[in-house]
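Structure file structure.cif; described as mmCIF, C-alpha atoms.
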data_model
loop_
_atom_site.label_atom_id
_atom_site.label_comp_id
_atom_site.auth_asym_id
_atom_site.auth_seq_id
_atom_site.Cartn_x
_atom_site.Cartn_y
_atom_site.Cartn_z
CA MET A 1 88.70 40.83 7.80
CA ALA A 2 85.38 41.86 9.34
CA ALA A 3 85.32 42.05 13.13
CA LEU A 4 81.81 40.58 13.07
CA SER A 5 80.00 39.00 10.16
CA LEU A 6 76.69 37.32 9.38
CA ALA A 7 76.51 34.99 6.38
CA GLY A 8 73.29 33.65 4.89
CA VAL A 9 71.31 34.24 8.09
CA SER A 10 67.61 33.40 8.17
CA VAL A 11 65.25 33.69 11.14
CA SER A 12 61.58 32.73 11.44
CA ILE A 13 59.43 33.64 14.43
CA GLY A 14 55.89 32.36 14.85
CA GLY A 15 55.88 31.06 11.32
CA ALA A 16 56.87 34.44 9.86
CA ARG A 17 60.21 34.89 8.08
CA ILE A 18 61.89 37.86 9.80
CA LEU A 19 65.32 37.56 8.16
CA ASP A 20 65.81 35.89 4.80
CA ASP A 21 69.35 34.95 3.71
CA VAL A 22 70.98 38.07 5.16
CA SER A 23 74.73 38.67 4.96
CA VAL A 24 76.27 41.71 6.67
CA ALA A 25 79.85 42.49 7.70
CA PHE A 26 80.83 44.96 10.44
CA ALA A 27 84.33 46.16 9.62
CA PRO A 28 86.92 47.64 12.01
CA GLY A 29 87.14 51.41 11.92
CA LEU A 30 83.73 51.90 10.32
CA VAL A 31 80.22 52.83 11.46
CA THR A 32 77.78 50.47 9.75
CA ALA A 33 74.28 51.95 9.91
CA LEU A 34 71.27 49.67 9.51
CA ILE A 35 68.32 51.55 8.03
CA GLY A 36 64.89 50.60 6.75
CA PRO A 37 61.20 50.90 7.69
CA ASN A 38 59.59 49.39 10.76
CA GLY A 39 59.52 45.62 10.53
CA ALA A 40 62.40 45.44 8.05
CA GLY A 41 64.37 43.14 10.39
CA LYS A 42 67.01 45.57 11.67
CA SER A 43 66.65 44.81 15.39
CA THR A 44 66.40 41.08 14.73
CA LEU A 45 69.61 41.26 12.71
CA LEU A 46 71.33 43.04 15.58
CA SER A 47 70.05 40.43 18.06
CA VAL A 48 71.51 37.66 15.91
CA ALA A 49 74.79 39.58 15.58
CA ALA A 50 74.92 39.98 19.35
CA GLY A 51 74.34 36.26 19.93
CA TYR A 52 71.03 36.85 21.69
CA LEU A 53 69.05 35.04 18.99
CA ALA A 54 70.20 31.91 17.20
CA PRO A 55 69.52 31.90 13.45
CA ASP A 56 67.62 29.07 11.81
CA ARG A 57 70.24 29.04 9.07
CA GLY A 58 73.52 30.79 8.43
CA SER A 59 76.54 31.65 10.53
CA VAL A 60 77.76 34.44 12.80
CA THR A 61 81.48 34.94 13.38
CA LEU A 62 83.18 37.27 15.84
CA GLY A 63 86.89 37.86 15.34
CA GLY A 64 86.96 34.97 12.88
CA GLU A 65 85.43 32.49 15.35
CA GLU A 66 81.91 31.12 15.40
CA LEU A 67 80.11 33.31 17.93
CA ALA A 68 78.16 30.45 19.50
CA ARG A 69 81.43 28.71 20.44
CA ILE A 70 83.02 31.70 22.17
CA PRO A 71 82.75 31.67 26.00
CA VAL A 72 80.30 34.24 27.30
CA ARG A 73 82.83 36.31 29.23
CA ARG A 74 85.26 36.48 26.32
CA ALA A 75 82.48 37.40 23.91
CA ALA A 76 81.44 40.20 26.28
CA GLN A 77 84.99 41.53 26.20
CA LEU A 78 84.95 41.60 22.41
CA ARG A 79 81.52 43.06 21.78
CA ALA A 80 79.21 45.33 23.76
CA VAL A 81 75.51 45.60 22.98
CA MET A 82 72.92 48.28 23.60
CA ALA A 83 69.55 46.65 23.06
CA GLN A 84 66.46 48.54 21.96
CA ASP A 85 64.92 48.08 25.40
CA SER A 86 67.52 48.92 28.04
CA THR A 87 65.10 49.64 30.88
CA VAL A 88 66.42 49.26 34.43
CA ALA A 89 63.47 48.81 36.78
CA PHE A 90 65.44 48.78 40.04
CA PRO A 91 66.69 51.90 41.87
CA PHE A 92 70.39 51.57 41.07
CA THR A 93 72.33 54.79 40.83
CA VAL A 94 73.54 55.90 37.42
CA ARG A 95 77.11 55.16 38.46
CA GLU A 96 76.13 51.62 39.48
CA VAL A 97 74.38 51.03 36.15
CA VAL A 98 77.39 52.25 34.17
CA ALA A 99 79.71 50.15 36.36
CA MET A 100 77.76 47.03 35.34
CA GLY A 101 79.51 47.35 32.01
CA ARG A 102 82.78 46.40 33.69
CA THR A 103 81.44 43.00 34.81
CA PRO A 104 83.20 40.94 32.07
CA TRP A 105 86.61 42.34 32.95
CA ASN A 106 89.09 41.32 35.65
CA THR A 107 90.50 44.81 36.08
CA THR A 108 91.12 46.39 39.46
CA PRO A 109 88.41 48.40 41.24
CA GLY A 110 90.55 51.49 40.81
CA ASP A 111 90.80 50.99 37.06
CA ASP A 112 87.08 50.31 36.82
CA ASP A 113 86.24 53.46 38.81
CA ALA A 114 88.46 55.54 36.53
CA ILE A 115 86.79 54.14 33.41
CA VAL A 116 83.30 54.69 34.81
CA SER A 117 84.12 58.29 35.76
CA ARG A 118 85.58 58.92 32.31
CA VAL A 119 82.51 57.51 30.58
CA LEU A 120 80.15 59.52 32.80
CA HIS A 121 82.04 62.62 31.73
CA LEU A 122 81.94 61.72 28.04
CA THR A 123 78.18 61.16 28.15
CA GLU A 124 77.54 64.27 30.27
CA LEU A 125 76.15 62.23 33.15
CA THR A 126 78.57 63.19 35.93
CA GLU A 127 75.98 65.37 37.64
CA PHE A 128 73.54 62.43 37.64
CA ALA A 129 76.04 59.85 38.92
CA ASP A 130 74.43 59.46 42.34
CA ARG A 131 70.82 59.76 41.16
CA GLU A 132 68.64 56.67 41.07
CA ILE A 133 68.19 55.78 37.44
CA THR A 134 64.43 55.38 37.86
CA THR A 135 64.17 59.12 38.58
CA LEU A 136 65.69 60.16 35.25
CA SER A 137 63.90 61.15 32.06
CA GLY A 138 63.73 58.72 29.16
CA GLY A 139 66.54 60.45 27.30
CA GLU A 140 68.75 60.52 30.41
CA ARG A 141 68.16 56.81 31.00
CA GLN A 142 69.08 56.17 27.36
CA ARG A 143 72.35 58.03 27.86
CA ALA A 144 73.06 55.90 30.93
CA ALA A 145 72.46 52.75 28.90
CA PHE A 146 74.88 54.02 26.25
CA ALA A 147 77.42 54.88 28.97
CA ARG A 148 77.20 51.31 30.30
CA VAL A 149 78.03 49.98 26.83
CA LEU A 150 80.98 52.38 26.55
CA ALA A 151 82.27 51.22 29.93
CA GLN A 152 82.08 47.62 28.76
CA ALA A 153 83.91 48.42 25.52
CA MET A 154 86.90 50.03 27.24
CA PRO A 155 89.69 49.81 26.26
CA VAL A 156 88.61 50.22 22.64
CA HIS A 157 90.82 48.42 20.12
CA GLU A 158 90.65 46.98 16.60
CA ALA A 159 88.91 43.80 17.76
CA SER A 160 86.18 45.73 19.60
CA VAL A 161 82.60 45.60 18.36
CA LEU A 162 79.76 47.87 19.50
CA LEU A 163 76.19 47.08 18.50
CA LEU A 164 73.74 49.89 19.18
CA ASP A 165 69.99 49.54 18.60
CA GLU A 166 68.41 52.99 18.29
CA PRO A 167 70.81 54.51 20.84
CA THR A 168 69.44 58.04 20.45
CA ALA A 169 65.77 57.18 21.01
CA ALA A 170 64.13 59.70 23.39
CA MET A 171 67.24 61.93 23.40
CA ASP A 172 67.07 65.63 22.60
CA ILE A 173 68.91 66.75 19.50
CA ALA A 174 72.05 67.92 21.34
CA HIS A 175 72.58 64.62 23.18
CA ALA A 176 71.60 62.59 20.12
CA GLU A 177 74.33 64.36 18.15
CA SER A 178 76.92 63.93 20.91
CA THR A 179 76.06 60.22 21.17
CA LEU A 180 76.53 59.71 17.44
CA ARG A 181 79.80 61.67 17.55
CA LEU A 182 81.01 59.36 20.31
CA ALA A 183 80.08 56.35 18.18
CA ARG A 184 82.13 57.80 15.33
CA GLY A 185 85.01 58.45 17.71
CA ILE A 186 84.95 54.83 18.85
CA ALA A 187 85.10 53.68 15.23
CA ALA A 188 88.01 56.08 14.63
CA ARG A 189 89.94 54.17 17.32
CA GLY A 190 89.54 50.98 15.28
CA ALA A 191 86.33 49.46 16.60
CA ALA A 192 83.54 48.11 14.42
CA VAL A 193 80.31 49.95 15.22
CA GLY A 194 76.92 48.69 14.10
CA ILE A 195 73.98 50.99 14.70
CA VAL A 196 70.26 50.80 14.00
CA VAL A 197 69.02 54.31 13.29
CA HIS A 198 65.68 55.63 12.03
CA ASP A 199 66.93 59.15 11.30
CA LEU A 200 68.09 58.83 7.70
CA ASP A 201 69.88 62.17 7.74
CA ALA A 202 71.84 61.08 10.83
CA ALA A 203 72.65 57.75 9.18
CA ALA A 204 74.00 59.57 6.13
CA SER A 205 76.02 61.95 8.29
CA TYR A 206 77.60 59.49 10.71
CA GLY A 207 77.56 56.19 8.81
CA ASP A 208 80.45 54.98 6.67
CA HIS A 209 78.65 51.94 5.32
CA LEU A 210 74.86 51.75 5.07
CA VAL A 211 72.71 48.62 4.97
CA LEU A 212 69.21 49.31 3.67
CA MET A 213 66.81 46.57 4.75
CA ASP A 214 63.30 45.79 3.60
CA ARG A 215 61.03 42.87 4.50
CA GLY A 216 63.78 40.83 6.07
CA ARG A 217 66.32 41.17 3.28
CA VAL A 218 69.23 43.47 2.43
CA HIS A 219 67.86 45.71 -0.29
CA ALA A 220 71.09 47.65 -0.81
CA ALA A 221 74.44 48.04 0.95
CA GLY A 222 77.43 50.26 0.41
CA PRO A 223 78.76 53.80 0.88
CA VAL A 224 76.31 56.58 1.70
CA ARG A 225 76.05 58.01 -1.81
CA GLU A 226 75.36 54.58 -3.33
CA VAL A 227 72.58 53.68 -0.91
CA CYS A 228 71.05 57.11 -0.29
CA THR A 229 69.37 57.80 -3.59
CA PRO A 230 65.81 59.11 -3.93
CA GLU A 231 64.83 56.04 -5.93
CA LEU A 232 66.13 53.48 -3.43
CA LEU A 233 64.91 55.25 -0.31
CA SER A 234 61.51 56.25 -1.69
CA GLY A 235 60.92 52.71 -2.93
CA VAL A 236 61.79 51.01 0.35
CA TYR A 237 60.06 53.53 2.63
CA ARG A 238 57.10 53.83 0.25
CA THR A 239 56.97 57.60 0.51
CA PRO A 240 58.74 60.32 -1.49
CA ILE A 241 62.17 61.16 -0.03
CA ASP A 242 64.51 63.95 -1.13
CA VAL A 243 68.28 63.46 -1.19
CA LEU A 244 70.28 66.69 -1.47
CA GLU A 245 73.90 67.80 -1.36
CA HIS A 246 74.70 70.50 1.15
CA ALA A 247 78.06 71.66 2.48
CA GLY A 248 79.78 68.63 1.02
CA ARG A 249 77.51 65.98 2.48
CA VAL A 250 74.26 64.19 1.78
CA ARG A 251 71.10 65.57 3.39
CA ILE A 252 67.91 63.52 3.52
CA ALA A 253 64.34 64.62 4.26
CA PRO A 254 60.77 63.66 3.37
CA SER A 255 59.54 65.25 0.16
CA ARG A 256 56.73 67.38 1.55
CA GLY A 257 56.12 69.98 -1.15
CA GLU A 258 53.37 68.26 -3.11
CA GLN A 259 52.07 66.22 -0.20
CA ARG A 260 51.05 69.17 1.94
CA ALA A 261 47.92 69.95 -0.08
CA VAL A 262 47.14 66.26 -0.44
CA GLY A 263 47.58 65.78 3.29
CA LEU A 264 45.08 68.53 4.08
CA SER A 265 42.59 66.98 1.70
CA ASP A 266 43.12 63.54 3.18
CA THR A 267 42.64 64.93 6.69
CA ALA A 268 39.36 66.54 5.68
CA GLU A 269 38.16 63.33 4.06
CA LEU A 270 39.15 61.28 7.09
CA ALA A 271 37.34 63.65 9.43
CA ALA A 272 34.23 63.46 7.28
CA GLY A 273 34.46 59.69 7.04
CA LEU A 274 34.66 59.34 10.80
CA ALA A 275 31.90 61.90 11.32
CA LEU A 276 34.09 63.78 13.77
CA ASP A 277 32.32 66.46 15.73
CA LEU A 278 34.91 69.20 15.62
#

Let me see whether you can do it: turn the structure in this file into structure tokens.
Amino acid sequence: MAALSLAGVSVSIGGARILDDVSVAFAPGLVTALIGPNGAGKSTLLSVAAGYLAPDRGSVTLGGEELARIPVRRAAQLRAVMAQDSTVAFPFTVREVVAMGRTPWNTTPGDDDAIVSRVLHLTELTEFADREITTLSGGERQRAAFARVLAQAMPVHEASVLLLDEPTAAMDIAHAESTLRLARGIAARGAAVGIVVHDLDAAASYGDHLVLMDRGRVHAAGPVREVCTPELLSGVYRTPIDVLEHAGRVRIAPSRGEQRAVGLSDTAELAAGLALDL
């Protein structure tokens, strides 16, 4: 049984259909990566899955129960959410921000402190623990937001659900990779992990199940090699995309060979059209 599932979900905002009859299941032990171009509906889907946005139609169940009927505290113990915008505008220390993740739990202060310290270590934030979060770089603040979600998810078990919306945004490549490895490690402990990611190569590397979205609908869903084909990806992203096999795994990158000359020509035409004084 899926730890979290959406069935026939539709959402309209301002008269525009953002999600149209979407069904997605987040299974225990797997990383489910949501991919697709800007405006495909990925973040809206995650907001509905988190219970932040009520669908116009369809259902959302968490642990087999209708999410809307689960008490807030209990829901927060079952699923932790990292929203796309996790900005903290007040001068809390990093440790205080991470400790906020323990709010749903009735554990002892000593247990909470131990969990926070462990999570700070895992996310390589120990040296920043007493820094005000407003003084950190964007990538460091993003790591603190991820650490807060990890603190909330502890202890990880088969009923746990983590929903992460672009968790590696603004991170350098080393910390982006370590964050995705942590997400995989959480799934390996039995949790269901749902992640919105724009880096297709990262999605193919760290995702077990991919959901390719386009214009508010699920265009394709399944294992990496079923979803990551040049035809599917190029069609949805509306640009040529190469899918290669390297060292036993799928590698994905824009197809730039033929476009380079075209791009230079287009740039020259654009400059001429705008009468740029270069």

Problem set entry | Shell around Leu210 in chain A at 6 Å using all atoms listed in the file, local window under 5 positions removed, as a list in words |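 Those residues are Thr32, Ala33, Ala221 and Gly222 of chain A.
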
Closest atom pairs, range 55-105 of chain A residues within 10 Å of range 145-154 of chain A, all atoms listed in the file, as CSV:
residue,atom,partner,partner_atom,distance
A:Ala76,CA,A:Gln152,CA,7.8
A:Gln77,CA,A:Ala153,CA,7.0
A:Leu78,CA,A:Ala153,CA,7.6
A:Arg79,CA,A:Ala153,CA,7.0
A:Ala80,CA,A:Val149,CA,5.7
A:Val81,CA,A:Val149,CA,6.4
A:Met82,CA,A:Val149,CA,6.3
A:Ala83,CA,A:Ala145,CA,8.9
A:Asp85,CA,A:Ala145,CA,9.5
A:Ser86,CA,A:Ala145,CA,6.3
A:Thr87,CA,A:Ala145,CA,8.2
A:Val88,CA,A:Ala145,CA,8.9
A:Val94,CA,A:Ala145,CA,9.1
A:Arg95,CA,A:Arg148,CA,9.0
A:Glu96,CA,A:Arg148,CA,9.2
A:Val97,CA,A:Arg148,CA,6.5
A:Val98,CA,A:Arg148,CA,4.0
A:Ala99,CA,A:Arg148,CA,6.7
A:Met100,CA,A:Arg148,CA,6.6
A:Gly101,CA,A:Gln152,CA,4.2
A:Arg102,CA,A:Gln152,CA,5.1
A:Thr103,CA,A:Gln152,CA,7.6
A:Pro104,CA,A:Gln152,CA,7.5
A:Trp105,CA,A:Gln152,CA,8.1

What are the centre and the three edge lengths of an axis-aligned box that wraps all atoms of range 30-47 of chain A in the file, given that 8 Å is added to every side, written as lines of an AutoDock Vina configuration file and rounded to one decimal in Å?
center_x = 71.6
center_y = 46.6
center_z = 12.4
size_x = 40.2
size_y = 28.4
size_z = 27.3

For this session: One decimal, Å: what's the distance from CA of Gly185 in chain A over to CA of Val156 in chain A, could you say?
Result: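 CA of Val156 in chain A lies at a distance of 10.2 Å from CA of Gly185 in chain A.
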
Seminar exercise, completed: One decimal place gives the CA of Gly51 in chain A-CA of Ser160 in chain A separation as 15.2 Å
